[in-house]
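File shown here: work-v3.cif, holding mmCIF, C-alpha atoms.
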```
data_run
loop_
_atom_site.label_atom_id
_atom_site.label_comp_id
_atom_site.auth_asym_id
_atom_site.auth_seq_id
_atom_site.Cartn_x
_atom_site.Cartn_y
_atom_site.Cartn_z
CA MET N 1 87.10 82.70 94.26
CA SER N 2 89.65 83.25 91.51
CA ALA N 3 92.52 85.73 91.88
CA THR N 4 90.96 87.85 89.15
CA LEU N 5 87.67 88.06 91.04
CA ALA N 6 89.56 88.75 94.25
CA SER N 7 91.34 91.65 92.57
CA ALA N 8 88.04 93.07 91.35
CA LEU N 9 86.64 92.81 94.87
CA PHE N 10 89.81 94.47 96.17
CA LEU N 11 89.26 97.54 94.00
CA GLY N 12 85.56 97.48 94.78
CA LEU N 13 86.28 97.82 98.49
CA VAL N 14 88.50 100.83 97.82
CA LEU N 15 86.04 102.61 95.58
CA GLN N 16 82.80 101.73 97.33
CA GLU N 17 82.34 105.13 98.96
CA PRO N 18 80.92 107.97 96.80
CA ARG N 19 83.57 110.51 95.84
CA PRO N 20 83.13 114.00 94.38
CA THR N 21 85.60 113.23 91.61
CA ARG N 22 87.04 110.00 90.25
CA GLN N 23 90.44 109.19 91.72
CA THR N 24 92.80 106.84 89.99
CA ILE N 25 94.83 104.43 92.04
CA ASP N 26 98.61 104.56 92.22
CA PRO N 27 99.79 101.45 94.09
CA TYR N 28 103.25 102.97 94.70
CA LEU N 29 103.88 103.50 98.42
CA ALA N 30 105.26 107.00 99.01
CA GLU N 31 107.97 107.16 101.66
CA ASN N 32 106.05 109.59 103.88
CA LEU N 33 103.27 106.97 104.20
CA ARG N 34 105.55 103.99 104.73
CA PRO N 35 105.83 104.34 108.55
CA VAL N 36 102.07 104.24 109.12
CA VAL N 37 101.61 101.37 106.64
CA GLN N 38 104.43 99.53 108.45
CA GLN N 39 102.69 100.15 111.78
CA ALA N 40 99.38 98.87 110.42
CA ALA N 41 101.06 95.81 108.89
CA GLU N 42 102.61 94.91 112.22
CA ALA N 43 99.27 95.33 113.98
CA GLU N 44 97.54 93.11 111.41
CA ARG N 45 100.02 90.32 112.08
CA ASP N 46 99.82 90.71 115.87
CA PRO N 47 97.30 88.19 117.32
CA ARG N 48 96.45 90.60 120.15
CA ARG N 49 95.64 93.52 117.85
CA GLY N 50 94.72 92.09 114.46
CA PRO N 51 92.98 93.48 111.35
CA GLY N 52 90.61 95.77 113.25
CA ASN N 53 93.48 97.61 114.90
CA ALA N 54 95.35 97.79 111.60
CA MET N 55 92.40 99.39 109.84
CA ALA N 56 91.93 101.85 112.71
CA ILE N 57 95.56 102.94 112.33
CA LEU N 58 95.13 103.50 108.60
CA LYS N 59 91.82 105.33 109.09
CA GLY N 60 93.34 107.64 111.68
CA ALA N 61 96.24 108.49 109.41
CA ARG N 62 93.91 109.01 106.45
CA GLU N 63 91.91 111.64 108.33
CA LYS N 64 95.05 113.73 108.70
CA LEU N 65 95.80 113.76 104.95
CA ALA N 66 94.59 116.48 102.60
CA ASP N 67 95.80 114.85 99.38
CA PRO N 68 93.05 112.63 97.86
CA GLY N 69 95.69 110.52 96.12
CA GLN N 70 97.42 109.73 99.39
CA GLN N 71 94.08 109.07 101.06
CA LEU N 72 93.40 106.52 98.33
CA THR N 73 96.81 104.96 98.96
CA LEU N 74 95.72 104.19 102.52
CA ASP N 75 92.26 103.09 101.36
CA LEU N 76 93.96 100.51 99.17
CA ARG N 77 95.89 99.16 102.15
CA SER N 78 92.73 99.09 104.29
CA ALA N 79 90.96 97.09 101.59
CA GLY N 80 93.87 94.65 101.58
CA VAL N 81 93.59 94.14 105.34
CA ALA N 82 89.84 93.50 105.07
CA LEU N 83 90.20 91.02 102.24
CA ARG N 84 93.06 89.07 103.82
CA ASN N 85 91.00 88.64 106.98
CA ARG N 86 88.02 87.51 104.92
CA PHE N 87 90.03 85.06 102.82
CA LEU N 88 91.76 83.43 105.77
CA GLN N 89 88.47 82.78 107.56
CA ASP N 90 86.57 81.45 104.54
CA GLN N 91 86.43 77.70 105.12
CA LYS N 92 84.73 77.03 101.77
CA PHE N 93 88.16 76.95 100.13
CA PRO N 94 91.12 74.67 100.83
CA GLU N 95 93.95 76.24 102.79
CA PRO N 96 96.35 76.59 99.79
CA VAL N 97 93.66 78.44 97.82
CA ARG N 98 93.00 80.78 100.72
CA TRP N 99 96.68 81.67 100.87
CA GLU N 100 96.77 82.31 97.13
CA GLN N 101 93.85 84.67 97.67
CA VAL N 102 95.77 86.40 100.47
CA LEU N 103 98.76 86.94 98.20
CA SER N 104 96.50 88.23 95.43
CA THR N 105 95.89 91.35 97.53
CA PHE N 106 99.60 92.16 97.45
CA ALA N 107 99.62 91.67 93.68
CA ARG N 108 97.80 95.01 93.49
CA LEU N 109 100.19 96.86 95.79
CA ASP N 110 103.88 97.81 95.86
CA LEU N 111 106.60 95.17 95.64
CA THR N 112 108.25 96.78 98.70
CA GLU N 113 105.05 96.56 100.78
CA PRO N 114 105.82 96.23 104.52
CA LEU N 115 105.79 92.61 105.74
CA LEU N 116 105.12 91.21 102.27
CA LYS N 117 107.99 88.79 102.84
CA VAL N 118 106.32 87.49 106.01
CA TRP N 119 103.01 86.92 104.21
CA LEU N 120 104.79 85.31 101.26
CA ASP N 121 106.77 82.94 103.49
CA ASP N 122 103.57 81.94 105.31
CA ALA N 123 101.74 81.37 102.04
CA ILE N 124 104.48 79.08 100.74
CA THR N 125 104.52 77.18 104.05
CA HIS N 126 100.77 76.56 103.77
CA HIS N 127 100.89 75.64 100.08
CA PRO N 128 102.37 72.14 99.53
CA VAL N 129 102.84 72.56 95.77
CA ALA N 130 104.65 75.89 96.08
CA GLN N 131 106.67 74.60 99.01
CA GLN N 132 107.81 71.60 97.02
CA ASN N 133 108.63 73.68 93.94
CA LEU N 134 110.55 76.36 95.79
CA LYS N 135 112.58 74.31 98.26
CA LYS N 136 115.05 72.90 95.73
CA LYS N 137 118.46 74.45 95.32
CA GLY N 138 118.28 77.38 92.94
CA ALA N 139 114.48 77.22 92.76
CA ARG N 140 114.12 80.75 94.14
CA THR N 141 116.29 82.31 91.47
CA LEU N 142 114.67 84.42 88.75
CA LYS N 143 116.78 84.12 85.61
CA LEU N 144 116.09 87.27 83.66
CA GLY N 145 117.27 88.66 80.37
CA LEU N 146 117.59 92.44 80.09
CA LEU N 147 117.32 94.55 76.96
CA LEU N 148 117.98 98.29 77.29
CA ARG N 149 117.14 101.10 74.90
CA GLY N 150 118.14 104.69 75.51
CA ASP N 151 121.56 106.17 76.29
CA SER N 152 120.36 107.63 79.59
CA LEU N 153 119.74 104.21 81.12
CA ASN N 154 122.68 102.74 82.98
CA LYS N 155 122.69 98.94 82.87
CA THR N 156 124.06 98.49 86.38
CA ASN N 157 121.55 100.93 87.86
CA ALA N 158 118.67 99.30 86.00
CA GLN N 159 119.65 95.80 87.14
CA LYS N 160 120.01 96.96 90.75
CA ALA N 161 116.65 98.76 90.73
CA LEU N 162 114.87 95.67 89.39
CA ALA N 163 116.65 93.11 91.56
CA THR N 164 116.67 94.87 94.95
CA PRO N 165 112.94 94.58 95.83
CA ILE N 166 112.80 90.96 94.64
CA GLU N 167 115.89 90.00 96.62
CA ALA N 168 114.43 91.67 99.73
CA LEU N 169 111.68 89.03 99.56
CA GLY N 170 114.17 86.18 99.88
CA PHE N 171 114.61 85.42 96.17
CA GLU N 172 117.55 85.95 93.85
CA VAL N 173 117.89 87.54 90.44
CA GLU N 174 120.37 86.19 87.92
CA TRP N 175 120.92 88.14 84.72
CA VAL N 176 121.40 85.77 81.80
CA PRO N 177 121.99 86.31 78.06
CA LEU N 178 118.81 87.04 76.15
CA LYS N 179 119.19 83.87 74.09
CA ASP N 180 119.01 81.81 77.30
CA ALA N 181 116.22 83.75 79.03
CA ARG N 182 112.63 82.60 79.43
CA TRP N 183 111.77 85.80 81.31
CA ILE N 184 112.76 88.99 79.51
CA VAL N 185 112.71 92.57 80.74
CA LYS N 186 112.85 95.34 78.13
CA LEU N 187 113.58 98.82 79.45
CA ALA N 188 113.60 102.06 77.50
CA ALA N 189 113.98 105.69 78.54
CA GLU N 190 113.08 108.86 76.73
CA ASP N 191 112.50 112.55 77.36
CA ALA N 192 108.88 113.53 77.89
CA ARG N 193 106.96 116.72 77.45
CA THR N 194 106.26 118.96 80.43
CA GLU N 195 104.17 122.09 80.60
CA GLN N 196 106.37 123.58 83.31
CA PRO N 197 109.45 125.26 81.78
CA ASP N 198 111.57 124.91 84.92
CA LEU N 199 111.10 121.14 85.05
CA ARG N 200 112.36 118.23 82.96
CA ALA N 201 110.40 115.04 82.44
CA ALA N 202 111.68 111.52 81.87
CA ARG N 203 109.68 108.48 80.86
CA VAL N 204 110.74 104.87 81.49
CA LEU N 205 108.96 102.07 79.67
CA ILE N 206 109.03 98.40 80.63
CA GLY N 207 108.06 95.41 78.57
CA LEU N 208 107.86 91.99 80.19
CA GLU N 209 107.83 88.69 78.34
CA HIS N 210 107.63 85.05 79.38
CA LEU N 211 108.61 82.44 76.81
CA GLU N 212 107.61 78.78 76.82
CA ASP N 213 109.22 76.46 74.29
CA GLY N 214 110.43 79.52 72.43
CA LYS N 215 106.94 80.99 72.10
CA LEU N 216 105.48 84.02 73.82
CA ALA N 217 103.27 82.84 76.70
CA TRP N 218 102.73 86.16 78.49
CA SER N 219 103.58 89.80 77.93
CA HIS N 220 102.89 92.99 79.80
CA SER N 221 103.97 96.60 79.42
CA LEU N 222 103.60 99.93 81.15
CA TYR N 223 105.42 103.20 81.53
CA ARG N 224 106.00 105.93 84.06
CA THR N 225 106.72 109.61 83.59
CA GLU N 226 108.19 111.75 86.35
CA GLN N 227 109.45 115.32 86.34
CA ALA N 228 112.03 117.25 88.31
CA LYS N 229 114.41 120.16 87.86
CA ASP N 230 117.24 117.69 87.32
CA PRO N 231 116.52 115.25 84.46
CA ALA N 232 118.61 112.59 86.23
CA VAL N 233 116.33 112.82 89.27
CA ALA N 234 113.23 112.48 87.07
CA LEU N 235 114.76 109.46 85.34
CA ASP N 236 115.62 107.74 88.61
CA ALA N 237 112.12 108.37 90.02
CA SER N 238 110.55 106.82 86.91
CA LEU N 239 112.92 103.86 87.07
CA GLN N 240 112.22 103.21 90.75
CA TRP N 241 108.46 103.25 90.15
CA ILE N 242 108.81 100.90 87.21
CA ALA N 243 111.03 98.54 89.22
CA ARG N 244 108.52 98.31 92.07
CA ILE N 245 105.27 98.15 90.07
CA GLY N 246 106.44 96.55 86.83
CA GLY N 247 108.71 94.32 88.91
CA ARG N 248 105.71 93.36 91.03
CA ASP N 249 103.82 92.16 87.95
CA LEU N 250 106.83 90.14 86.83
CA PHE N 251 107.39 88.61 90.26
CA PHE N 252 103.79 87.56 90.83
CA HIS N 253 103.55 85.99 87.39
CA TRP N 254 106.79 84.16 88.11
CA LEU N 255 105.31 82.89 91.39
CA ALA N 256 102.24 81.69 89.49
CA GLU N 257 104.47 79.62 87.23
CA HIS N 258 106.24 78.09 90.23
CA GLY N 259 103.36 76.63 92.19
CA LEU N 260 101.07 79.52 93.13
CA GLY N 261 98.95 79.23 90.02
CA GLY N 262 96.07 81.29 91.36
CA LEU N 263 98.21 84.42 91.08
CA LYS N 264 98.51 84.25 87.30
CA ASP N 265 95.89 86.92 86.63
CA ALA N 266 96.06 88.72 89.95
CA ALA N 267 98.29 91.67 89.11
CA GLY N 268 95.86 93.33 86.70
CA THR N 269 96.62 96.68 85.15
CA ALA N 270 97.69 99.89 86.78
CA GLU N 271 95.85 103.13 86.08
CA PRO N 272 97.33 106.55 85.25
CA ARG N 273 97.90 108.91 88.12
CA PRO N 274 95.98 112.21 87.81
CA GLY N 275 98.17 115.22 87.23
CA GLY N 276 99.75 117.40 84.62
CA HIS N 277 101.79 114.69 82.95
CA GLU N 278 101.35 111.10 81.99
CA GLY N 279 101.26 108.54 84.71
CA HIS N 280 101.67 104.78 84.41
CA GLU N 281 99.74 103.78 81.35
CA HIS N 282 99.82 100.97 78.82
#
```
Take the structure in the file and give it back as structure tokens.
Amino acid sequence: MSATLASALFLGLVLQEPRPTRQTIDPYLAENLRPVVQQAAEAERDPRRGPGNAMAILKGAREKLADPGQQLTLDLRSAGVALRNRFLQDQKFPEPVRWEQVLSTFARLDLTEPLLKVWLDDAITHHPVAQQNLKKKGARTLKLGLLLRGDSLNKTNAQKALATPIEALGFEVEWVPLKDARWIVKLAAEDARTEQPDLRAARVLIGLEHLEDGKLAWSHSLYRTEQAKDPAVALDASLQWIARIGGRDLFFHWLAEHGLGGLKDAAGTAEPRPGGHEGHEH
């Protein structure tokens, strides 16, 4: 099963139940849901409890939520648990392929997903090509070029937001001049329209590029709009979302180029969040 097909199956598991209205999927993990997702992740990894216990934890928490969007957030994590269990037990595929499939479920989630580092380390351990490619000195360093547009964006803040979730996974980010970069991040910020007069909206756009032999080999873009009474708060919220979801797409494509080739098409596209202002769209 390819990573693309695995991603389609992933979304199919989330959306398989009839719903009164269509809900779009925001992969961002809200902080109020992080403790229960952490608890489920630990249960999933525990040999005595396992995937069944993890899904029971998520189901129990879901029943206490009134917000359909947050319910869908937990549905997405439950689908990930189910698919990882299925992939690991499917003996039709070689072990390295099964671990690529496992990681493909995280390519549709948040880059700060609980225990992602543990799953990633295990996948590399069980994948001889990735293990060989990533064990050399400096092999786990992402050399990125950064291009900013918009006076409201602070370069130091932008670099920290992008690097922090990647570095938490045991990798490093090195910012290099654009002329030397094969991986380029373009960030722009702008004011956005809001229908609520007491709020201010800020939009952050990200463009990602991968160059091979000076030619564009891959590109991806998305944006996020958030609103708050303080425009600086709205800007930071948009930037943090972009760093974790746009950064996820960058990181998984980088992994695909460094041994885990099955992840190349796994990230897919994010959908806009329902609400009164634009969500993450392309």
- Task: Give as a ChimeraX atom specification the residues that the PyMOL selection byres ((chain N and resi 179-185) around 10) matches when applied to the coordinates above.
- Result: /N:142-148,159,162,175-178,186-187,206-221,246-247,250,254
- Message: I'd like the residues picked by the PyMOL selection byres ((chain N and resi 121) around 12) written out as a list in words, using the chain letters and numbers from the file.
- Response: Trp99, Glu100, Val102, Leu103, Leu115, Leu116, Lys117, Val118, Trp119, Leu120, Asp122, Ala123, Ile124, Thr125, His126, His127, Ala130, Gln131, Leu134, Lys135, Leu169, Gly170 and Phe171 of chain N
- Hey, what's within 12 Å of Arg34 in chain N if we count all atoms listed in the file and toss same-chain stuff fewer than 2 positions away? As a list in words, please?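 Answer for this query is Tyr28, Leu29, Ala30, Glu31, Asn32, Val36, Val37, Gln38, Gln39, Ala40, Ala41, Leu58, Ala61, Gln70, Thr73, Leu74, Arg77, Asp110, Thr112, Glu113, Pro114 and Leu115 of chain N.
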- Item | Neighbour residues at most 12 Å from (93.9, 94.9, 101.0) (all atoms listed in the file) as an MDAnalysis selection string | chainID N and resid 6:14 27 37 40:41 44 51 54:55 58 72:87 101:110 113 116
- Return the single residue from N:Glu172, N:Asp191, N:Asp26, N:Asp198 that is closest to Gln71 in chain N, with distances computed using all atoms listed in the file. N:Asp26
- Quick one: pull the distance between CA of Ala188 in chain N and CA of Leu153 in chain N, Å, one decimal. 7.4 Å
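Residue nearest Phe251 in chain N within the list N:Glu190, N:Glu167, N:Asp151, N:Glu95: N:Glu167 [criterion: smallest interatomic distance, all atoms listed in the file].
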So that all listed atoms of range 112-126 of chain N fit with 4 Å spare on each side, what axis-aligned box centre and edge lengths in Å, to one decimal, would you give as lines of an AutoDock Vina configuration file?
```
center_x = 104.5
center_y = 86.7
center_z = 102.4
size_x = 15.5
size_y = 28.2
size_z = 15.3
```
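Put simply, CA of Ala139 in chain N is 15.0 Å away from CA of His253 in chain N.
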- Item | Distance criterion (all atoms listed in the file): nearest to Lys229 in chain N out of N:Pro197, N:Pro128, N:Gly52, N:Gly259 |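 Nearest candidate to Lys229 in chain N out of N:Pro197, N:Pro128, N:Gly52, N:Gly259: N:Pro197.
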- Item | Straight-line distance linking CA of Gly60 in chain N with CA of Leu88 in chain N, stated in Å to one decimal |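 Those two atoms sit 25.0 Å apart.
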- Query: Counting only C-alpha atoms, which residues come within 9 Å of (105.7, 115.7, 79.7), with the point read in the file's coordinates, and could you list them as number ranges by chain?
  - Reply: N: 191-196, 200-203, 225-227, 276-278
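Using only C-alpha atoms, the nearest neighbour of Tyr223 in chain N within the list N:Ile57, N:Leu263, N:Leu239, N:Val204 is N:Val204.
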Taking all heavy atoms as the atom set, what does range 181-192 of chain N look like once completed, written as a compact mmCIF listing (two decimals), in the frame of the given file?
```txt
# COMPACT_ATOMS: atom_id res chain seq x y z
N ALA N 181 117.22 83.29 78.06
CA ALA N 181 116.22 83.75 79.03
C ALA N 181 114.81 83.33 78.63
O ALA N 181 114.42 83.46 77.47
CB ALA N 181 116.30 85.27 79.16
N ARG N 182 114.05 82.85 79.61
CA ARG N 182 112.63 82.60 79.43
C ARG N 182 111.80 83.76 79.95
O ARG N 182 110.62 83.89 79.64
CB ARG N 182 112.23 81.31 80.14
CG ARG N 182 112.83 80.04 79.52
CD ARG N 182 112.40 78.80 80.29
NE ARG N 182 110.95 78.69 80.38
CZ ARG N 182 110.27 78.60 81.53
NH1 ARG N 182 110.90 78.64 82.69
NH2 ARG N 182 108.95 78.48 81.52
N TRP N 183 112.41 84.59 80.78
CA TRP N 183 111.77 85.80 81.31
C TRP N 183 112.61 86.99 80.86
O TRP N 183 113.79 87.08 81.18
CB TRP N 183 111.69 85.74 82.83
CG TRP N 183 110.86 84.61 83.34
CD1 TRP N 183 111.26 83.31 83.55
CD2 TRP N 183 109.47 84.65 83.68
NE1 TRP N 183 110.22 82.55 84.01
CE2 TRP N 183 109.10 83.35 84.11
CE3 TRP N 183 108.50 85.65 83.70
CZ2 TRP N 183 107.82 83.02 84.52
CZ3 TRP N 183 107.21 85.34 84.11
CH2 TRP N 183 106.88 84.04 84.52
N ILE N 184 112.01 87.88 80.12
CA ILE N 184 112.76 88.99 79.51
C ILE N 184 112.18 90.32 79.97
O ILE N 184 110.96 90.52 79.98
CB ILE N 184 112.71 88.90 77.97
CG1 ILE N 184 113.39 87.60 77.51
CG2 ILE N 184 113.38 90.10 77.33
CD1 ILE N 184 113.26 87.34 76.02
N VAL N 185 113.08 91.21 80.35
CA VAL N 185 112.71 92.57 80.74
C VAL N 185 113.29 93.53 79.70
O VAL N 185 114.50 93.55 79.46
CB VAL N 185 113.26 92.93 82.13
CG1 VAL N 185 112.89 94.36 82.50
CG2 VAL N 185 112.76 91.95 83.19
N LYS N 186 112.43 94.32 79.09
CA LYS N 186 112.85 95.34 78.13
C LYS N 186 112.62 96.71 78.76
O LYS N 186 111.49 97.03 79.14
CB LYS N 186 112.06 95.22 76.83
CG LYS N 186 112.24 93.88 76.13
CD LYS N 186 111.39 93.80 74.87
CE LYS N 186 111.56 92.47 74.16
NZ LYS N 186 110.73 92.39 72.93
N LEU N 187 113.68 97.49 78.86
CA LEU N 187 113.58 98.82 79.45
C LEU N 187 114.00 99.86 78.43
O LEU N 187 114.98 99.69 77.71
CB LEU N 187 114.48 98.95 80.67
CG LEU N 187 114.00 98.41 82.02
CD1 LEU N 187 115.06 98.69 83.08
CD2 LEU N 187 112.67 99.02 82.43
N ALA N 188 113.26 100.95 78.38
CA ALA N 188 113.60 102.06 77.50
C ALA N 188 113.36 103.36 78.24
O ALA N 188 112.49 103.45 79.11
CB ALA N 188 112.76 102.02 76.22
N ALA N 189 114.14 104.37 77.92
CA ALA N 189 113.98 105.69 78.54
C ALA N 189 113.95 106.74 77.45
O ALA N 189 114.64 106.63 76.43
CB ALA N 189 115.12 105.96 79.51
N GLU N 190 113.17 107.78 77.68
CA GLU N 190 113.08 108.86 76.73
C GLU N 190 112.65 110.14 77.44
O GLU N 190 112.05 110.10 78.53
CB GLU N 190 112.06 108.53 75.63
CG GLU N 190 110.65 108.28 76.15
CD GLU N 190 109.70 107.74 75.09
OE1 GLU N 190 110.18 107.15 74.10
OE2 GLU N 190 108.48 107.92 75.25
N ASP N 191 112.97 111.28 76.83
CA ASP N 191 112.50 112.55 77.36
C ASP N 191 111.00 112.65 77.13
O ASP N 191 110.47 112.11 76.16
CB ASP N 191 113.21 113.71 76.68
CG ASP N 191 114.70 113.74 77.01
OD1 ASP N 191 115.08 113.24 78.08
OD2 ASP N 191 115.48 114.25 76.18
N ALA N 192 110.32 113.35 78.02
CA ALA N 192 108.88 113.53 77.89
C ALA N 192 108.54 115.01 77.97
O ALA N 192 109.32 115.82 78.47
CB ALA N 192 108.15 112.76 78.99
```
